Amino acid sequence: MTERILFTNARLLDPTSNLDRSGELLAENGVIAAFGPNLARDGLGDDVHVVDCAGCCLAPGLVDMRVQLREPGDEHQETLATGAESAVAGGITTMAMLPNTAPPIDDYALVEFVSRRSREIGRAAIRTYAAATKGLKGRELTEYGLLAEAGAVAFTDGVRAVADALVMRRALSYASTFDLLLVQHPEEPSLSAGGAMNAGEIATRLGLAGITAAAETIMVERDIRLVEITGGRYHAAHLSTAGAIDAVRRAKARGLPVTCDTAPHYFALNETAVGDYRTFAKVSPPLRDEEDRRAVIEGLKDGTIDAIASDHTPQDQESKRLPFASAEPGIVGLETLLPLALELYHNGSLNLLQVVRALSQRPAEILRLPGGHLKPGAPADFTIFDLDRPWRIDVGALRSKCKNAPYDGRPVQGLVTRTVVSGRTVFGLEA
Amino acid sequence: MDSGAANDPFPHRHLLGIEGLSRREILYLLDHAGAYADQTRGQTEPRLRGRTVINLFFENSTRTRTSFELAAKRLGGDVINMQAQTSSIKKGETLIDTAMTLNAMRPDVLVVRHPESGAVQLLSEKVDCAVINAGDGSHEHPTQALVDALTIRRRKGRLEGLVVAICGDISHSRVARSNIYLLNTMGAQVRVVAPRTLVPAAMERFGVEVFYDMKRGLAGADIVMMLRLQTERMHGSFVPSIREYFHFFGLDYAKLSVAKDDALIMHPGPMNRGVEIDTEVADDIDRSVIRQQVEMGVAVRMACLEALNRDARASAAT
C-alpha cells in the first residue's frame, strides 16, 4: 500500500535549486513525490496523511558530517541510540561519525556494525568514517577499498592529524585509486603538542600553553601540496583560522579537489569564551581570536567553507571538571547546530539558503550521500523549523548523555518543530 | 669494426636495457632466440667455445642465473657464478674495485644483477668485456622482456596491435619498464593497471594507458601480465593488506572474464599465489603461459650471449 504524506503550509527551502517559496510537498513511500505552490489534491485519495507545517520552513534534512559517538567503547558518554535521539531533536537526519571509538573503526566488520545499529535504531541515519590508518596510529593504511564497500563514507584519523607527510601522500594516492575522500584534522602535532588554548594574549594572561594558528595553516598548506601531486580528494575538517581558510580559497581557485567545514563554535565564540578557565569552551582546534572568527564567517559567505558540522564531542563531567590543561576538549553540538547556524542569518551574515546549503546540500555532496536536496525521488528527509521562534539554550535539557556545552542560557532564534526521516516523523515538538 | 656498423644487426657492446633498442634489433634477438628454442640440444653450434661468462649476482636469483648458466653452457662457454654473499663484495670491496678485479681476469661476458638502478651501467663503463644486465634495481631487466615477447609471439604469432595489460607493482618493477619499452617499440598497445600508490609518476609519458580499476584495465586485453608484489610493500605502506590487494587487484577468473577469451596470463615469477594471482588461474593450462616463459628463458639468453660475442669476435679480428 502506498503511504502518502502531504506537508502543507510550508516555506519550502532547497539550496540546490535556490527554491524559497511557500507551498506543499508530497512524500510517497519514503521518497519525495512532488512539491510546489499548490499540489492537486484530487488524485490523492482519502488515505493521504496531512501534516500542517503552520508556515514553518521545510528544508532538506540536515547532514552533520562530523560527530563523535562513543559506541563502541565509551557508552557511558554516548551511544549510537542517544546520539541518534539527540540528532533528530536537532533536525539532523544523517550524520557521519568519526572512527575514534574503542576499538577504532578500522575494520569493515565495525562499519557493518554501525550500519546495522543505525537501521535498528531507526532515527537519524548514522554513517561512519573509517580510520585512515590502522589503529589511528598514523602509520599503515587501512583497507580503503573493502571499508568503502562496507559503507564507510570517507577516511580520517578523527581527532588526530595524519601527521607524517609520506603517509598522507600515500593515503591520498591510495584513496584516489577508488575515488575516495580523505578527511584531515588539520593540526601539525609538533606545534600543538602541550597546548591548551589559542596562542595569544589571553593564553599568556592565563598562563596556559598556546597553540599557534600556524599549526592549522601549515598542515592545510602541506596537504594541498600533496593533493596537487596525488590527485586525491581532500577535506579539511573544522577550520578555525584565517590562514587555513585562505589556503583552501586559493586551492579551490586552482581547481583542486579540496573542501572544508567549520563548526558553530568557531563563528559563535572566540577565545574570550575560555574566560576564567572554562573547560566547556576548550575545543580542538582551540577557539581563536576575533579576526579568525570573522574570517570563518567570510569563508562561509564566499563559499570557501562548504559545510557547517556540529563537531559533536561528548565528554563527561570527569573529563571536564579538571584544571584547564588536563581537561578533554569538545562540545556537544547536535541540538544546537541549527540555531547557532541561524544566528548567521539573523545577524545578516548569510542568507537563509546559504545557511541551509552549508548544513545539508554541501555535506551530502562532499560525502556523496543521497539527501541534501528537495527533488522528486530523493529521500523524504526533512527538517521543519520555526525560523524566528526565540528560545534559550538549556544545556540540562539536551538529549545527549553528556552536557558539555558553553551555551547554557544563550538566547537563540529558530527552533526545530519536526524531523522527518524517509517520510516518517522521528521528532516532533508537540509529540 | 665501425665500417660494418650500418649493416650490423646488433651493433651494441652491452645489453643494458631495452630502452634505445630499435625494432630491428629486438627482432634480431627474438628471431635468434626463437631458432634456439626450436633446436634440439645436439644441433646447437658451440659458438661460445673458449669464452668465459661470469654471472655476477648481487641479489638472489634462481631462474635468471640458472638460465644464463645453461644458455652459456649449451653454447659451449665456460661459466663462473659469483654470488655477492660469498665473495669479496661482502668484505666491503666497492663495485668498481670488483669490476676492475674481474676485468683483469679477461672474461668475455659479465652477466650482472644488482639491487641498485644504474649499477650495471656503471660497471659496464669500467670493464673491457660485454655486460648483460640481468636486472638492476627498479630500472631494467631486458632479457625478461625479451622472454615475455618471445613467449607472446610464439603463442599469438605477433606483437603488433596486441593489447597488453601489465598489472601490479609498476613503481618498483624493472620487468614492467623493460616490457613497456619493448612492447611499445614493437607496436603493442600497453596498459598498466595498479592501485595509484604503485604507479610511478608521469606514466602517461611512456605511451601507456593507466587504469586504477582492474576490470576496466583488462577489458578486451590479449595479454595479462601480472607482476610480483614484494612482501615489504603489502602491509600498509603501499597497499593495506593482502586480502584487499587480492580483492581488487589479484587476478582471478571474475576479473579475467572481461579480457579476450583467448587472453594469455603471464608472470615473470616468483609468484605469490593468493596475493597477485589466484592459484587456479596461474595453473590454467589453457591460459597461463607462466611455464613457457621459464622455458623461453634459456633460448633468449643464448641469443643475447651469442649476439654480444659475435661483436667480441669481430673486435678480436681487427
# chains A, B, ... in the order shown; residues from 1 in each chain; ligands from 1
$ residues_around --residues "region 154-168 of chain B" --least-positions-apart "3" --cutoff "9 Å" --atoms "only C-alpha atoms" --output "PyMOL selection string"
chain B and resi 34+149-151+171+173+176+179-180+183-184+186-195+198-199+214+217-218+220-229+249-251+264+276+289
$ select_by_dssp --residues "region 25-132 of chain A" --states "strand (DSSP E)" --output "ChimeraX atom specification"
/A:25-28,31-36,49-52,57-60,62-67,92-97,125-128,130-131
$ closest_atom_pairs --of "chain A" --to "chain B" --cutoff "10 Å" --atoms "only C-alpha atoms" --output "Markdown table"
| residue | atom | partner | partner_atom | distance |
| --- | --- | --- | --- | --- |
| A:Thr133 | CA | B:Gly236 | CA | 8.1 |
| A:Lys134 | CA | B:Gly236 | CA | 8.1 |
| A:Arg139 | CA | B:Gly236 | CA | 7.6 |
| A:Glu140 | CA | B:Gly236 | CA | 4.0 |
| A:Leu141 | CA | B:Gly236 | CA | 4.6 |
| A:Thr142 | CA | B:Pro240 | CA | 5.2 |
| A:Glu143 | CA | B:Pro240 | CA | 5.3 |
| A:Tyr144 | CA | B:Pro240 | CA | 7.8 |
| A:Gly145 | CA | B:Glu244 | CA | 6.9 |
| A:Leu146 | CA | B:Glu244 | CA | 6.4 |
| A:Leu147 | CA | B:Glu244 | CA | 9.5 |
| A:Leu166 | CA | B:Ser237 | CA | 9.3 |
| A:Val167 | CA | B:Ser237 | CA | 7.5 |
| A:Arg169 | CA | B:Thr197 | CA | 9.0 |
| A:Arg170 | CA | B:Thr197 | CA | 6.1 |
| A:Ala171 | CA | B:Thr197 | CA | 8.5 |
| A:Leu172 | CA | B:Thr197 | CA | 8.9 |
| A:Ser173 | CA | B:Thr197 | CA | 5.6 |
| A:Tyr174 | CA | B:Thr197 | CA | 5.3 |
| A:Ala175 | CA | B:Arg196 | CA | 8.2 |
| A:Ser176 | CA | B:Arg196 | CA | 6.9 |
| A:Thr177 | CA | B:Arg196 | CA | 5.2 |
| A:Phe178 | CA | B:Tyr212 | CA | 7.5 |
| A:Asp179 | CA | B:Tyr212 | CA | 9.6 |
| A:Ile229 | CA | B:Ala201 | CA | 8.9 |
| A:Thr230 | CA | B:Arg196 | CA | 8.4 |
| A:Gly231 | CA | B:Arg196 | CA | 9.8 |
| A:Gly232 | CA | B:Arg196 | CA | 9.9 |
$ closest_residue --among "A:Ala209, A:Ile32, A:Leu367, A:Ala84" --to "Ala152 (chain A)" --atoms "only C-alpha atoms"
A:Leu367
$ atom_distance --atom1 "CA of Leu80 (chain A)" --atom2 "CA of Val421 (chain A)"
16.4 Å
$ closest_atom_pairs --of "region 154-207 of chain A" --to "region 60-67 of chain A" --cutoff "12 Å" --atoms "only C-alpha atoms" --output "CSV"
residue,atom,partner,partner_atom,distance
A:Ala154,CA,A:Met65,CA,10.3
A:Thr156,CA,A:Arg66,CA,10.8
A:Gly158,CA,A:Arg66,CA,9.1
A:Val159,CA,A:Arg66,CA,10.4
A:Val183,CA,A:Arg66,CA,10.1
A:Gln184,CA,A:Arg66,CA,11.4
A:His185,CA,A:Arg66,CA,10.9
$ atom_distance --atom1 "CA of Leu256 (chain B)" --atom2 "CA of Val281 (chain B)"
8.9 Å
$ residues_around --residues "Thr101 (chain B)" --least-positions-apart "2" --cutoff "12 Å" --atoms "only C-alpha atoms" --output "list in words"
Ser88, Ile89, Glu93, Thr94, Leu95, Ile96, Asp97, Thr98, Ala99, Asn103, Ala104, Met105, Arg106, Pro107, Leu123, Lys126, Val127 and Asp128 of chain B
$ write_last_selection --atoms "all heavy atoms" --output "short mmCIF file (atom, residue, chain, number, x, y, z; two decimals), in the first residue's frame"
data_model
loop_
_atom_site.label_atom_id
_atom_site.label_comp_id
_atom_site.auth_asym_id
_atom_site.auth_seq_id
_atom_site.Cartn_x
_atom_site.Cartn_y
_atom_site.Cartn_z
N SER B 88 84.17 -11.26 -2.22
CA SER B 88 84.85 -10.16 -1.54
C SER B 88 83.97 -8.92 -1.39
O SER B 88 84.28 -8.02 -0.62
CB SER B 88 86.12 -9.78 -2.31
OG SER B 88 85.79 -9.54 -3.66
N ILE B 89 82.84 -8.90 -2.16
CA ILE B 89 81.93 -7.76 -2.02
C ILE B 89 81.42 -7.68 -0.59
O ILE B 89 81.26 -6.63 -0.02
CB ILE B 89 80.73 -7.91 -2.98
CG1 ILE B 89 81.24 -7.95 -4.40
CG2 ILE B 89 79.72 -6.80 -2.78
CD1 ILE B 89 80.62 -8.99 -5.26
N GLU B 93 84.43 -4.56 -0.55
CA GLU B 93 85.01 -4.06 -1.78
C GLU B 93 83.96 -3.25 -2.54
O GLU B 93 82.79 -3.62 -2.58
CB GLU B 93 85.46 -5.24 -2.63
CG GLU B 93 86.32 -4.86 -3.81
CD GLU B 93 86.82 -6.09 -4.56
OE1 GLU B 93 85.99 -6.80 -5.14
OE2 GLU B 93 88.03 -6.34 -4.55
N THR B 94 84.36 -2.14 -3.13
CA THR B 94 83.38 -1.34 -3.87
C THR B 94 83.07 -2.01 -5.20
O THR B 94 83.82 -2.86 -5.69
CB THR B 94 83.90 0.07 -4.17
OG1 THR B 94 84.97 -0.04 -5.11
CG2 THR B 94 84.38 0.77 -2.91
N LEU B 95 81.96 -1.59 -5.77
CA LEU B 95 81.52 -2.15 -7.04
C LEU B 95 82.59 -1.98 -8.11
O LEU B 95 82.88 -2.90 -8.88
CB LEU B 95 80.21 -1.46 -7.45
CG LEU B 95 79.60 -1.91 -8.77
CD1 LEU B 95 79.16 -3.36 -8.68
CD2 LEU B 95 78.41 -1.03 -9.14
N ILE B 96 83.19 -0.80 -8.14
CA ILE B 96 84.18 -0.54 -9.20
C ILE B 96 85.44 -1.38 -8.98
O ILE B 96 86.00 -1.93 -9.93
CB ILE B 96 84.48 0.97 -9.27
CG1 ILE B 96 83.25 1.68 -9.85
CG2 ILE B 96 85.72 1.26 -10.10
CD1 ILE B 96 83.30 3.18 -9.81
N ASP B 97 85.87 -1.56 -7.74
CA ASP B 97 87.03 -2.42 -7.47
C ASP B 97 86.75 -3.85 -7.90
O ASP B 97 87.60 -4.52 -8.49
CB ASP B 97 87.39 -2.38 -5.98
CG ASP B 97 88.06 -1.07 -5.61
OD1 ASP B 97 88.55 -0.38 -6.52
OD2 ASP B 97 88.08 -0.73 -4.41
N THR B 98 85.54 -4.32 -7.60
CA THR B 98 85.16 -5.67 -8.02
C THR B 98 85.23 -5.78 -9.54
O THR B 98 85.76 -6.75 -10.09
CB THR B 98 83.72 -6.00 -7.55
OG1 THR B 98 83.65 -5.78 -6.14
CG2 THR B 98 83.34 -7.42 -7.87
N ALA B 99 84.70 -4.76 -10.21
CA ALA B 99 84.71 -4.76 -11.67
C ALA B 99 86.14 -4.80 -12.20
O ALA B 99 86.45 -5.57 -13.13
CB ALA B 99 83.98 -3.52 -12.18
N ASN B 103 87.77 -7.72 -14.38
CA ASN B 103 88.24 -7.32 -15.71
C ASN B 103 89.65 -7.83 -15.96
O ASN B 103 89.98 -8.26 -17.07
CB ASN B 103 88.18 -5.79 -15.82
CG ASN B 103 88.38 -5.34 -17.25
OD1 ASN B 103 87.73 -5.87 -18.15
ND2 ASN B 103 89.29 -4.41 -17.46
N ALA B 104 90.45 -7.81 -14.92
CA ALA B 104 91.84 -8.24 -15.05
C ALA B 104 91.93 -9.72 -15.40
O ALA B 104 92.94 -10.19 -15.93
CB ALA B 104 92.58 -7.96 -13.74
N MET B 105 90.87 -10.46 -15.12
CA MET B 105 90.85 -11.89 -15.46
C MET B 105 90.38 -12.12 -16.89
O MET B 105 90.27 -13.25 -17.34
CB MET B 105 89.94 -12.64 -14.48
CG MET B 105 90.44 -12.53 -13.05
SD MET B 105 89.28 -13.29 -11.91
CE MET B 105 89.87 -12.67 -10.35
N ARG B 106 90.08 -11.05 -17.60
CA ARG B 106 89.72 -11.06 -19.01
C ARG B 106 88.57 -12.02 -19.35
O ARG B 106 88.72 -12.92 -20.20
CB ARG B 106 90.94 -11.35 -19.87
CG ARG B 106 92.09 -10.38 -19.59
CD ARG B 106 93.15 -10.39 -20.65
NE ARG B 106 92.65 -10.06 -21.98
CZ ARG B 106 92.54 -8.83 -22.44
NH1 ARG B 106 92.89 -7.79 -21.70
NH2 ARG B 106 92.10 -8.62 -23.66
N PRO B 107 87.41 -11.85 -18.71
CA PRO B 107 86.26 -12.63 -19.15
C PRO B 107 85.71 -12.06 -20.45
O PRO B 107 86.13 -10.97 -20.87
CB PRO B 107 85.25 -12.42 -18.01
CG PRO B 107 85.59 -11.06 -17.48
CD PRO B 107 87.08 -10.87 -17.68
N LEU B 123 79.20 -0.33 -13.92
CA LEU B 123 80.17 -1.41 -14.04
C LEU B 123 80.61 -1.58 -15.49
O LEU B 123 81.79 -1.78 -15.78
CB LEU B 123 79.51 -2.68 -13.50
CG LEU B 123 80.41 -3.84 -13.17
CD1 LEU B 123 79.91 -4.52 -11.91
CD2 LEU B 123 80.40 -4.83 -14.31
N LYS B 126 83.52 0.34 -16.80
CA LYS B 126 84.84 0.09 -16.23
C LYS B 126 85.49 -1.19 -16.74
O LYS B 126 86.59 -1.53 -16.34
CB LYS B 126 84.75 -0.01 -14.69
CG LYS B 126 84.10 1.19 -14.03
CD LYS B 126 84.95 2.44 -14.21
CE LYS B 126 84.19 3.64 -13.69
NZ LYS B 126 84.85 4.92 -14.06
N VAL B 127 84.79 -1.95 -17.57
CA VAL B 127 85.35 -3.23 -17.99
C VAL B 127 85.48 -3.28 -19.51
O VAL B 127 84.86 -2.49 -20.23
CB VAL B 127 84.47 -4.42 -17.51
CG1 VAL B 127 84.46 -4.49 -16.00
CG2 VAL B 127 83.06 -4.32 -18.07
N ASP B 128 86.32 -4.21 -19.99
CA ASP B 128 86.55 -4.32 -21.43
C ASP B 128 85.62 -5.32 -22.10
O ASP B 128 85.51 -5.35 -23.32
CB ASP B 128 88.00 -4.77 -21.67
CG ASP B 128 88.99 -3.77 -21.08
OD1 ASP B 128 88.76 -2.55 -21.27
OD2 ASP B 128 89.96 -4.19 -20.42
#
$ residues_around --residues "Thr128 (chain A)" --least-positions-apart "4" --cutoff "10 Å" --atoms "only C-alpha atoms" --output "ChimeraX atom specification"
/A:65-69,95-99,105,110-112,114-115,151-155
$ select_by_dssp --residues "region 221-416 of chain A" --states "helix (DSSP H, G or I)" --output "PyMOL selection string"
chain A and resi 221-230+242-253+265-268+271-274+279-281+290-301+317-320+324-326+337-346+352-366+395-397
$ residues_around --residues "Leu70 (chain B)" --least-positions-apart "3" --cutoff "9 Å" --atoms "only C-alpha atoms" --output "list in words"
Arg65, Thr66, Ser67, Lys73, Arg74, Leu75, Val79, Val298, Arg301 and Met302 of chain B
$ write_last_selection --atoms "N, CA, C and O atoms" --output "short mmCIF file (atom, residue, chain, number, x, y, z; two decimals), in the first residue's frame"
data_model
loop_
_atom_site.label_atom_id
_atom_site.label_comp_id
_atom_site.auth_asym_id
_atom_site.auth_seq_id
_atom_site.Cartn_x
_atom_site.Cartn_y
_atom_site.Cartn_z
N ARG B 65 69.69 -16.62 -13.05
CA ARG B 65 71.08 -17.06 -13.02
C ARG B 65 71.22 -18.44 -13.66
O ARG B 65 72.09 -18.67 -14.49
N THR B 66 70.31 -19.35 -13.32
CA THR B 66 70.38 -20.70 -13.88
C THR B 66 70.21 -20.68 -15.39
O THR B 66 70.89 -21.39 -16.12
N SER B 67 69.30 -19.84 -15.87
CA SER B 67 69.07 -19.85 -17.32
C SER B 67 70.25 -19.23 -18.06
O SER B 67 70.59 -19.68 -19.15
N LYS B 73 76.41 -22.62 -21.26
CA LYS B 73 76.94 -23.99 -21.38
C LYS B 73 76.48 -24.67 -22.66
O LYS B 73 77.23 -25.40 -23.30
N ARG B 74 75.22 -24.40 -23.04
CA ARG B 74 74.73 -25.01 -24.29
C ARG B 74 75.50 -24.48 -25.48
O ARG B 74 75.63 -25.15 -26.49
N LEU B 75 76.03 -23.27 -25.35
CA LEU B 75 76.82 -22.70 -26.44
C LEU B 75 78.30 -23.03 -26.28
O LEU B 75 79.14 -22.51 -27.00
N VAL B 79 81.49 -21.12 -17.58
CA VAL B 79 80.68 -20.24 -16.73
C VAL B 79 81.19 -20.25 -15.30
O VAL B 79 81.52 -21.30 -14.74
N VAL B 298 66.06 -19.74 -21.44
CA VAL B 298 67.37 -20.21 -21.89
C VAL B 298 67.62 -19.77 -23.33
O VAL B 298 68.69 -19.23 -23.65
N ARG B 301 68.46 -16.09 -23.60
CA ARG B 301 69.79 -15.75 -23.09
C ARG B 301 70.89 -16.30 -24.00
O ARG B 301 71.94 -15.68 -24.13
N MET B 302 70.62 -17.40 -24.68
CA MET B 302 71.56 -17.89 -25.69
C MET B 302 71.70 -16.86 -26.80
O MET B 302 72.81 -16.51 -27.22
#
$ residues_around --residues "Arg113 (chain B)" --least-positions-apart "4" --cutoff "7 Å" --atoms "only C-alpha atoms" --output "JSON, numbers by chain"
{"B": [56, 57, 58, 59, 133, 134, 135, 136]}
$ write_last_selection --atoms "N, CA and C atoms" --output "JSON list (two decimals), in the first residue's frame"
[["chain", "number", "residue", "atom", "x", "y", "z"],
["B", 56, "LEU", "N", 77.56, -12.48, -12.25],
["B", 56, "LEU", "CA", 77.88, -11.72, -11.04],
["B", 56, "LEU", "C", 76.57, -11.21, -10.45],
["B", 57, "PHE", "N", 76.12, -11.87, -9.40],
["B", 57, "PHE", "CA", 74.78, -11.57, -8.86],
["B", 57, "PHE", "C", 74.87, -10.98, -7.46],
["B", 58, "PHE", "N", 74.49, -9.72, -7.37],
["B", 58, "PHE", "CA", 74.49, -9.02, -6.08],
["B", 58, "PHE", "C", 73.14, -9.15, -5.39],
["B", 59, "GLU", "N", 72.25, -9.93, -6.00],
["B", 59, "GLU", "CA", 70.91, -10.11, -5.47],
["B", 59, "GLU", "C", 70.56, -11.57, -5.72],
["B", 133, "ASN", "N", 72.79, -6.88, -18.57],
["B", 133, "ASN", "CA", 72.03, -6.51, -17.37],
["B", 133, "ASN", "C", 71.02, -7.62, -17.07],
["B", 134, "ALA", "N", 71.21, -8.28, -15.95],
["B", 134, "ALA", "CA", 70.25, -9.32, -15.53],
["B", 134, "ALA", "C", 69.29, -8.76, -14.49],
["B", 135, "GLY", "N", 69.13, -7.44, -14.52],
["B", 135, "GLY", "CA", 68.20, -6.79, -13.59],
["B", 135, "GLY", "C", 68.93, -5.82, -12.69],
["B", 136, "ASP", "N", 68.64, -4.51, -12.82],
["B", 136, "ASP", "CA", 69.25, -3.53, -11.92],
["B", 136, "ASP", "C", 68.16, -2.70, -11.25]]
$ residues_around --residues "Gly371 (chain A)" --least-positions-apart "5" --cutoff "10 Å" --atoms "only C-alpha atoms" --output "PyMOL selection string"
chain A and resi 60-63+93-94+360-361+363-365+378-382
$ atom_distance --atom1 "CA of Ala295 (chain A)" --atom2 "CA of Ile245 (chain A)"
7.6 Å
$ closest_residue --among "B:Asp169, B:Glu204, B:Ser178, B:Ala219" --to "Arg233 (chain B)" --atoms "only C-alpha atoms"
B:Asp169
$ decode --residues "region 37-110 of chain B" --atoms "C-alpha atoms" --output "mmCIF file, in the first residue's frame"
data_model
loop_
_atom_site.group_PDB
_atom_site.id
_atom_site.type_symbol
_atom_site.label_atom_id
_atom_site.label_comp_id
_atom_site.auth_asym_id
_atom_site.auth_seq_id
_atom_site.Cartn_x
_atom_site.Cartn_y
_atom_site.Cartn_z
ATOM 1 C CA ALA B 37 64.034 -22.615 -28.830
ATOM 2 C CA ASP B 38 63.272 -24.891 -31.784
ATOM 3 C CA GLN B 39 66.635 -26.640 -31.794
ATOM 4 C CA THR B 40 67.261 -29.925 -30.096
ATOM 5 C CA ARG B 41 70.338 -29.884 -27.934
ATOM 6 C CA GLY B 42 72.702 -31.682 -30.340
ATOM 7 C CA GLN B 43 72.054 -29.176 -33.108
ATOM 8 C CA THR B 44 73.496 -26.174 -31.307
ATOM 9 C CA GLU B 45 76.790 -24.810 -32.634
ATOM 10 C CA PRO B 46 79.288 -24.209 -29.814
ATOM 11 C CA ARG B 47 79.691 -20.530 -30.589
ATOM 12 C CA LEU B 48 80.919 -19.674 -27.104
ATOM 13 C CA ARG B 49 83.643 -22.302 -27.009
ATOM 14 C CA GLY B 50 86.720 -20.956 -25.260
ATOM 15 C CA ARG B 51 84.850 -17.982 -23.938
ATOM 16 C CA THR B 52 84.209 -17.155 -20.324
ATOM 17 C CA VAL B 53 80.923 -15.908 -18.888
ATOM 18 C CA ILE B 54 80.848 -14.636 -15.326
ATOM 19 C CA ASN B 55 77.479 -14.474 -13.594
ATOM 20 C CA LEU B 56 77.880 -11.715 -11.039
ATOM 21 C CA PHE B 57 74.783 -11.571 -8.858
ATOM 22 C CA PHE B 58 74.494 -9.022 -6.083
ATOM 23 C CA GLU B 59 70.909 -10.112 -5.471
ATOM 24 C CA ASN B 60 69.440 -13.563 -5.024
ATOM 25 C CA SER B 61 68.145 -15.227 -8.140
ATOM 26 C CA THR B 62 67.399 -18.768 -9.119
ATOM 27 C CA ARG B 63 65.757 -18.726 -12.502
ATOM 28 C CA THR B 64 67.654 -15.905 -14.165
ATOM 29 C CA ARG B 65 71.079 -17.062 -13.020
ATOM 30 C CA THR B 66 70.378 -20.696 -13.877
ATOM 31 C CA SER B 67 69.067 -19.851 -17.317
ATOM 32 C CA PHE B 68 72.126 -17.720 -18.120
ATOM 33 C CA GLU B 69 74.329 -20.545 -16.928
ATOM 34 C CA LEU B 70 72.523 -23.122 -19.026
ATOM 35 C CA ALA B 71 72.490 -20.807 -22.020
ATOM 36 C CA ALA B 72 76.250 -20.281 -21.866
ATOM 37 C CA LYS B 73 76.942 -23.989 -21.376
ATOM 38 C CA ARG B 74 74.731 -25.006 -24.286
ATOM 39 C CA LEU B 75 76.816 -22.704 -26.444
ATOM 40 C CA GLY B 76 79.984 -24.358 -25.174
ATOM 41 C CA GLY B 77 81.152 -21.489 -22.956
ATOM 42 C CA ASP B 78 82.805 -21.643 -19.540
ATOM 43 C CA VAL B 79 80.680 -20.244 -16.731
ATOM 44 C CA ILE B 80 81.644 -18.946 -13.334
ATOM 45 C CA ASN B 81 78.973 -17.990 -10.818
ATOM 46 C CA MET B 82 79.661 -15.353 -8.222
ATOM 47 C CA GLN B 83 77.152 -14.606 -5.504
ATOM 48 C CA ALA B 84 77.672 -11.399 -3.586
ATOM 49 C CA GLN B 85 77.056 -13.221 -0.321
ATOM 50 C CA THR B 86 80.199 -15.325 -0.612
ATOM 51 C CA SER B 87 82.609 -13.033 -2.406
ATOM 52 C CA SER B 88 84.850 -10.157 -1.540
ATOM 53 C CA ILE B 89 81.925 -7.758 -2.021
ATOM 54 C CA LYS B 90 80.775 -8.970 1.346
ATOM 55 C CA LYS B 91 84.127 -7.853 2.672
ATOM 56 C CA GLY B 92 83.472 -4.280 1.682
ATOM 57 C CA GLU B 93 85.006 -4.061 -1.783
ATOM 58 C CA THR B 94 83.383 -1.338 -3.865
ATOM 59 C CA LEU B 95 81.518 -2.151 -7.043
ATOM 60 C CA ILE B 96 84.178 -0.537 -9.196
ATOM 61 C CA ASP B 97 87.028 -2.420 -7.469
ATOM 62 C CA THR B 98 85.160 -5.671 -8.020
ATOM 63 C CA ALA B 99 84.713 -4.760 -11.671
ATOM 64 C CA MET B 100 88.410 -3.951 -12.099
ATOM 65 C CA THR B 101 89.434 -7.207 -10.433
ATOM 66 C CA LEU B 102 87.183 -9.271 -12.652
ATOM 67 C CA ASN B 103 88.236 -7.324 -15.706
ATOM 68 C CA ALA B 104 91.842 -8.244 -15.049
ATOM 69 C CA MET B 105 90.848 -11.891 -15.465
ATOM 70 C CA ARG B 106 89.718 -11.061 -19.007
ATOM 71 C CA PRO B 107 86.257 -12.630 -19.147
ATOM 72 C CA ASP B 108 84.194 -12.271 -22.329
ATOM 73 C CA VAL B 109 80.813 -11.570 -20.781
ATOM 74 C CA LEU B 110 79.714 -10.328 -17.396
#
